[in-house]
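Enquirer: Handing over entry_33.pdb, PDB, C-alpha atoms.
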```pdb
ATOM      1  CA  MET Z   1       0.000   0.000   0.000
ATOM      2  CA  ARG Z   2       2.824   2.368   0.881
ATOM      3  CA  ILE Z   3       4.581   1.650  -2.430
ATOM      4  CA  LEU Z   4       1.387   2.409  -4.385
ATOM      5  CA  ASN Z   5       1.036   5.717  -2.551
ATOM      6  CA  ALA Z   6       4.691   6.581  -3.250
ATOM      7  CA  ASN Z   7       4.235   5.750  -6.947
ATOM      8  CA  LYS Z   8       1.081   7.865  -7.099
ATOM      9  CA  THR Z   9       2.880  10.817  -5.481
ATOM     10  CA  PHE Z  10       5.834  10.380  -7.839
ATOM     11  CA  PHE Z  11       3.611  10.453 -10.916
ATOM     12  CA  ILE Z  12       1.631  13.459  -9.694
ATOM     13  CA  ASN Z  13       4.890  15.340  -9.069
ATOM     14  CA  LEU Z  14       6.233  14.291 -12.461
ATOM     15  CA  ILE Z  15       3.039  15.402 -14.219
ATOM     16  CA  ILE Z  16       3.228  18.834 -12.550
ATOM     17  CA  ILE Z  17       6.893  19.284 -13.505
ATOM     18  CA  LEU Z  18       6.261  18.145 -17.085
ATOM     19  CA  SER Z  19       3.179  20.390 -17.346
ATOM     20  CA  ILE Z  20       5.214  23.419 -16.277
ATOM     21  CA  PHE Z  21       7.956  22.481 -18.747
ATOM     22  CA  VAL Z  22       5.508  21.936 -21.644
ATOM     23  CA  LEU Z  23       3.578  25.151 -20.916
ATOM     24  CA  ASP Z  24       6.879  27.049 -20.857
ATOM     25  CA  ARG Z  25       8.155  25.408 -24.069
ATOM     26  CA  LEU Z  26       4.907  26.045 -25.950
ATOM     27  CA  SER Z  27       4.806  29.699 -24.886
ATOM     28  CA  LYS Z  28       8.433  30.254 -25.898
ATOM     29  CA  LEU Z  29       8.061  28.457 -29.237
ATOM     30  CA  TYR Z  30       4.951  30.501 -29.995
ATOM     31  CA  ILE Z  31       6.694  33.784 -29.169
ATOM     32  CA  ILE Z  32       9.742  32.797 -31.241
ATOM     33  CA  TYR Z  33       7.383  32.009 -34.133
ATOM     34  CA  LEU Z  34       5.545  35.344 -33.746
ATOM     35  CA  ASP Z  35       8.884  37.179 -33.553
ATOM     36  CA  LYS Z  36       9.947  35.627 -36.868
ATOM     37  CA  ILE Z  37       6.740  36.505 -38.704
ATOM     38  CA  ASN Z  38       6.808  40.052 -37.236
ATOM     39  CA  ASN Z  39      10.466  40.488 -38.242
ATOM     40  CA  GLY Z  40      11.593  41.105 -34.676
ATOM     41  CA  SER Z  41       9.185  43.916 -33.919
ATOM     42  CA  GLU Z  42       6.974  44.153 -30.873
ATOM     43  CA  ILE Z  43       4.366  41.375 -30.860
ATOM     44  CA  PHE Z  44       1.857  43.067 -28.548
ATOM     45  CA  GLN Z  45       1.728  46.442 -26.861
ATOM     46  CA  SER Z  46      -0.700  47.886 -24.338
ATOM     47  CA  LYS Z  47      -0.777  50.375 -21.493
ATOM     48  CA  PHE Z  48       0.684  47.898 -18.952
ATOM     49  CA  LEU Z  49       1.962  44.926 -20.944
ATOM     50  CA  ASN Z  50       4.266  44.510 -23.910
ATOM     51  CA  ILE Z  51       5.173  41.214 -25.523
ATOM     52  CA  TYR Z  52       8.435  41.090 -27.424
ATOM     53  CA  LEU Z  53      11.292  38.641 -27.602
ATOM     54  CA  ILE Z  54      14.676  39.223 -26.028
ATOM     55  CA  TRP Z  55      17.390  36.626 -25.522
ATOM     56  CA  ASN Z  56      18.634  36.559 -21.931
ATOM     57  CA  GLU Z  57      22.136  35.154 -21.479
ATOM     58  CA  GLY Z  58      22.179  35.816 -17.729
ATOM     59  CA  ILE Z  59      20.170  34.290 -14.931
ATOM     60  CA  ALA Z  60      16.795  35.370 -13.560
ATOM     61  CA  PHE Z  61      15.566  38.669 -14.992
ATOM     62  CA  GLY Z  62      18.761  39.198 -17.022
ATOM     63  CA  LEU Z  63      21.073  39.417 -14.038
ATOM     64  CA  PHE Z  64      24.685  38.420 -14.640
ATOM     65  CA  SER Z  65      24.446  38.565 -18.440
ATOM     66  CA  LEU Z  66      27.842  37.491 -19.656
ATOM     67  CA  ASN Z  67      29.695  37.793 -22.939
ATOM     68  CA  ASP Z  68      32.377  35.313 -21.860
ATOM     69  CA  LYS Z  69      31.536  31.785 -23.068
ATOM     70  CA  HIS Z  70      33.461  30.126 -20.234
ATOM     71  CA  LEU Z  71      31.663  32.094 -17.525
ATOM     72  CA  TYR Z  72      28.341  31.335 -19.238
ATOM     73  CA  ASN Z  73      29.155  27.604 -19.151
ATOM     74  CA  ILE Z  74      30.188  27.794 -15.482
ATOM     75  CA  LEU Z  75      26.940  29.593 -14.650
ATOM     76  CA  THR Z  76      24.972  26.921 -16.533
ATOM     77  CA  LEU Z  77      26.788  24.194 -14.575
ATOM     78  CA  ILE Z  78      25.990  25.957 -11.289
ATOM     79  CA  ILE Z  79      22.321  26.129 -12.326
ATOM     80  CA  LEU Z  80      22.379  22.381 -13.080
ATOM     81  CA  ILE Z  81      23.823  21.680  -9.626
ATOM     82  CA  VAL Z  82      21.129  23.845  -8.013
ATOM     83  CA  ILE Z  83      18.462  21.903  -9.958
ATOM     84  CA  ILE Z  84      19.865  18.619  -8.635
ATOM     85  CA  ILE Z  85      19.753  20.000  -5.082
ATOM     86  CA  ILE Z  86      16.154  21.152  -5.585
ATOM     87  CA  LEU Z  87      15.253  17.683  -6.918
ATOM     88  CA  TYR Z  88      16.728  16.168  -3.753
ATOM     89  CA  LEU Z  89      14.701  18.612  -1.631
ATOM     90  CA  VAL Z  90      11.520  17.706  -3.544
ATOM     91  CA  VAL Z  91      12.049  14.052  -2.637
ATOM     92  CA  LYS Z  92      12.785  14.850   1.031
ATOM     93  CA  ASN Z  93       9.896  17.276   1.654
ATOM     94  CA  LYS Z  94       6.144  16.874   1.836
ATOM     95  CA  GLY Z  95       2.999  18.912   1.393
ATOM     96  CA  PHE Z  96       2.992  22.542   0.371
ATOM     97  CA  LYS Z  97       6.770  22.836   0.663
ATOM     98  CA  ARG Z  98       7.208  20.004  -1.845
ATOM     99  CA  TYR Z  99       4.853  21.696  -4.330
ATOM    100  CA  SER Z 100       6.640  25.019  -3.899
ATOM    101  CA  LEU Z 101       9.898  23.261  -4.747
ATOM    102  CA  ILE Z 102       8.236  21.505  -7.699
ATOM    103  CA  PHE Z 103       7.212  24.902  -9.121
ATOM    104  CA  ILE Z 104      10.808  26.106  -8.789
ATOM    105  CA  LEU Z 105      12.137  22.865 -10.294
ATOM    106  CA  GLY Z 106       9.755  22.899 -13.269
ATOM    107  CA  GLY Z 107      10.635  26.494 -14.101
ATOM    108  CA  ALA Z 108      14.353  25.953 -13.623
ATOM    109  CA  ILE Z 109      14.336  22.935 -15.952
ATOM    110  CA  GLY Z 110      12.547  25.012 -18.604
ATOM    111  CA  ASN Z 111      15.154  27.758 -18.467
ATOM    112  CA  LEU Z 112      18.050  25.267 -18.307
ATOM    113  CA  PHE Z 113      16.737  23.614 -21.473
ATOM    114  CA  ASP Z 114      16.926  26.971 -23.263
ATOM    115  CA  ARG Z 115      20.392  27.734 -21.906
ATOM    116  CA  ILE Z 116      21.648  24.417 -23.289
ATOM    117  CA  PHE Z 117      19.876  24.414 -26.672
ATOM    118  CA  TYR Z 118      19.673  28.143 -27.500
ATOM    119  CA  LYS Z 119      22.630  29.430 -25.442
ATOM    120  CA  ALA Z 120      20.162  31.998 -24.048
ATOM    121  CA  VAL Z 121      16.692  32.076 -22.506
ATOM    122  CA  PRO Z 122      13.857  33.676 -24.489
ATOM    123  CA  ASP Z 123      12.095  36.253 -22.312
ATOM    124  CA  PHE Z 124       9.063  38.123 -23.594
ATOM    125  CA  ILE Z 125       6.679  39.400 -20.882
ATOM    126  CA  ASP Z 126       7.231  43.093 -20.122
ATOM    127  CA  PHE Z 127       4.997  44.598 -17.419
ATOM    128  CA  HIS Z 128       5.273  48.337 -17.021
ATOM    129  CA  ILE Z 129       3.622  51.390 -15.545
ATOM    130  CA  GLU Z 130       4.282  54.337 -17.841
ATOM    131  CA  ASN Z 131       8.091  54.437 -18.184
ATOM    132  CA  PHE Z 132       8.842  52.100 -15.267
ATOM    133  CA  HIS Z 133       9.461  48.612 -16.699
ATOM    134  CA  TRP Z 134       9.875  45.493 -14.603
ATOM    135  CA  PHE Z 135      12.449  42.922 -15.740
ATOM    136  CA  ILE Z 136      11.332  41.046 -18.850
ATOM    137  CA  PHE Z 137      10.510  37.427 -17.996
ATOM    138  CA  ASN Z 138       8.907  34.207 -19.253
ATOM    139  CA  VAL Z 139       6.536  31.477 -18.019
ATOM    140  CA  SER Z 140       9.335  29.550 -16.270
ATOM    141  CA  ASP Z 141      10.263  32.678 -14.336
ATOM    142  CA  ILE Z 142       6.639  32.987 -13.181
ATOM    143  CA  PHE Z 143       6.679  29.463 -11.720
ATOM    144  CA  ILE Z 144      10.096  29.986 -10.119
ATOM    145  CA  THR Z 145       8.920  33.260  -8.553
ATOM    146  CA  VAL Z 146       5.658  31.767  -7.247
ATOM    147  CA  GLY Z 147       7.596  28.828  -5.788
ATOM    148  CA  VAL Z 148      10.091  31.123  -4.073
ATOM    149  CA  ILE Z 149       7.310  33.335  -2.673
ATOM    150  CA  CYS Z 150       5.582  30.214  -1.301
ATOM    151  CA  MET Z 151       8.853  29.019   0.279
ATOM    152  CA  ILE Z 152       9.427  32.417   1.908
ATOM    153  CA  THR Z 153       5.846  32.441   3.173
ATOM    154  CA  LEU Z 154       6.278  28.941   4.619
ATOM    155  CA  GLU Z 155       9.450  30.027   6.400
ATOM    156  CA  LEU Z 156       7.776  33.131   7.847
ATOM    157  CA  ILE Z 157       4.725  31.158   8.994
ATOM    158  CA  GLY Z 158       6.993  28.470  10.446
ATOM    159  CA  LYS Z 159       8.960  31.053  12.435
ATOM    160  CA  ASN Z 160       5.724  32.620  13.739
ATOM    161  CA  ASP Z 161       4.474  29.173  14.838
ATOM    162  CA  LYS Z 162       7.721  28.561  16.727
ATOM    163  CA  ASN Z 163       7.532  31.987  18.409
ATOM    164  CA  THR Z 164       3.921  31.462  19.581
ATOM    165  CA  ASN Z 165       4.719  28.024  21.022
ATOM    166  CA  GLN Z 166       7.458  29.359  23.310
TER     167      GLN Z 166
END
```
Kindly return the structure encoded in the file as structure tokens.

Expert:
Amino acid sequence: MRILNANKTFFINLIIILSIFVLDRLSKLYIIYLDKINNGSEIFQSKFLNIYLIWNEGIAFGLFSLNDKHLYNILTLIILIVIIIILYLVVKNKGFKRYSLIFILGGAIGNLFDRIFYKAVPDFIDFHIENFHWFIFNVSDIFITVGVICMITLELIGKNDKNTNQ
């Protein structure tokens, strides 16, 4: 019975990770396609949201963009190691914490795929208020951010529970 439950949990986790990956891939492929037929011009523009393709060679939100191929490869290797650590944490944790980590893992795998196959991550969502623009991001970044926010929330709630019990 315990093995069946473990297999069920494994497959649910795998389906969530694959769903995040597929959603991310489809959105990026669609934007790349639209960018080609629009000859690199803006795909969509509104008062608060622009959609246009940029290629991010850095990490989250374009941080640490590097022109040096060796540093790029080292950064990609570090990201792979972090993904392996997150995978380990997914296996070791339960409940909401596990699903927060799964969101981070699914998004990280999506961006790692792009780093390996495109040598850059396609970002395309640009939220802005007048001239203030947030970092341009993609679907993987959304899942990573939601997962991190959930992890931070869990830590804050956990600390409050410990403080009230003392």

Enquirer: Nearest residue to Asp24 of chain Z out of Z:Thr145, Z:Asn131, Z:Asn111, Z:Asn73, using only C-alpha atoms?

Expert: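 Smallest distance to Asp24 of chain Z is found for Z:Asn111.
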
Enquirer: Nearest to Leu14 of chain Z among Z:Leu112, Z:Ile144, Z:Val91, Z:Ile149, with distances taken over only C-alpha atoms: which residue is it?

Expert: Z:Val91

Enquirer: Could you tell me which of Z:Ile85, Z:Ile32, Z:Ile43, Z:Ile20 comes closest to Gly110 of chain Z if we count only C-alpha atoms?

Expert: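 Distance minimum relative to Gly110 of chain Z lands on Z:Ile20.
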
Enquirer: Can you tell me how far atom CA of His128 of chain Z sits from atom CA of Leu49 of chain Z, in Å to one decimal?

Expert: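 Between these atoms lies a distance of 6.2 Å.
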
Enquirer: Can you work out which one of Z:His133, Z:Gly58, Z:Gly106, Z:Val82 has the shortest atom-to-atom distance to Lys119 of chain Z, counting only C-alpha atoms?

Expert: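 Of the candidates, the smallest distance to Lys119 of chain Z is held by Z:Gly58.
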
Enquirer: Using only C-alpha atoms, which of Z:Leu105, Z:Val121, Z:Ile129, Z:Leu71 sits nearest Ser19 of chain Z?

Expert: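 Of the candidates, the smallest distance to Ser19 of chain Z is held by Z:Leu105.
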
Enquirer: For the provided coordinates, the residues matched by the PyMOL selection byres ((chain Z and resi 99) around 10) should be stated as a list in words.

Expert: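 Expected selection for the PyMOL selection byres ((chain Z and resi 99) around 10) here is Asn13, Ile16, Ile17, Val90, Asn93, Lys94, Gly95, Phe96, Lys97, Arg98, Ser100, Leu101, Ile102, Phe103, Ile104, Leu105, Gly147, Cys150 and Met151 of chain Z.
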
Enquirer: Suppose you want the space between atom CA of Phe124 of chain Z and atom CA of Ala108 of chain Z; what is it in Å?

Expert: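 Pair atom CA of Phe124 of chain Z / atom CA of Ala108 of chain Z returns 16.6 Å.
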
Enquirer: Using all atoms listed in the file, give me every residue within 12 Å of (12.6, 45.3, -15.7) in file coordinates, as a compact mmCIF listing (two decimals) with C-alpha atoms, keeping the file's coordinate frame.

Expert:
```
# COMPACT_ATOMS: atom_id res chain seq x y z
CA LEU Z 49 1.96 44.93 -20.94
CA ASN Z 50 4.27 44.51 -23.91
CA ALA Z 60 16.80 35.37 -13.56
CA PHE Z 61 15.57 38.67 -14.99
CA GLY Z 62 18.76 39.20 -17.02
CA LEU Z 63 21.07 39.42 -14.04
CA ASP Z 123 12.10 36.25 -22.31
CA PHE Z 124 9.06 38.12 -23.59
CA ILE Z 125 6.68 39.40 -20.88
CA ASP Z 126 7.23 43.09 -20.12
CA PHE Z 127 5.00 44.60 -17.42
CA HIS Z 128 5.27 48.34 -17.02
CA ILE Z 129 3.62 51.39 -15.54
CA ASN Z 131 8.09 54.44 -18.18
CA PHE Z 132 8.84 52.10 -15.27
CA HIS Z 133 9.46 48.61 -16.70
CA TRP Z 134 9.88 45.49 -14.60
CA PHE Z 135 12.45 42.92 -15.74
CA ILE Z 136 11.33 41.05 -18.85
CA PHE Z 137 10.51 37.43 -18.00
```

Enquirer: Of the residues Z:Leu89, Z:Ile51, Z:Ile142, Z:Leu26, which is the one nearest to Asn38 of chain Z, using all atoms listed in the file?

Expert: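 Checking each of Z:Leu89, Z:Ile51, Z:Ile142, Z:Leu26 against Asn38 of chain Z, counting all atoms listed in the file, the winner is Z:Ile51.
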
Enquirer: Please, what distance in Å, to one decimal, runs between atom CA of Ile79 of chain Z and atom CA of Tyr52 of chain Z?

Expert: 25.4 Å

Enquirer: Which residues come within 8 Å of Ala120 of chain Z, counting all atoms listed in the file, excluding same-chain residues fewer than 3 positions away, as a compact mmCIF listing (two decimals) with C-alpha atoms, keeping the file's coordinate frame?

Expert:
```txt
# COMPACT_ATOMS: atom_id res chain seq x y z
CA TRP Z 55 17.39 36.63 -25.52
CA ASN Z 56 18.63 36.56 -21.93
CA GLU Z 57 22.14 35.15 -21.48
CA GLY Z 58 22.18 35.82 -17.73
CA ASP Z 114 16.93 26.97 -23.26
CA ARG Z 115 20.39 27.73 -21.91
CA ILE Z 116 21.65 24.42 -23.29
```
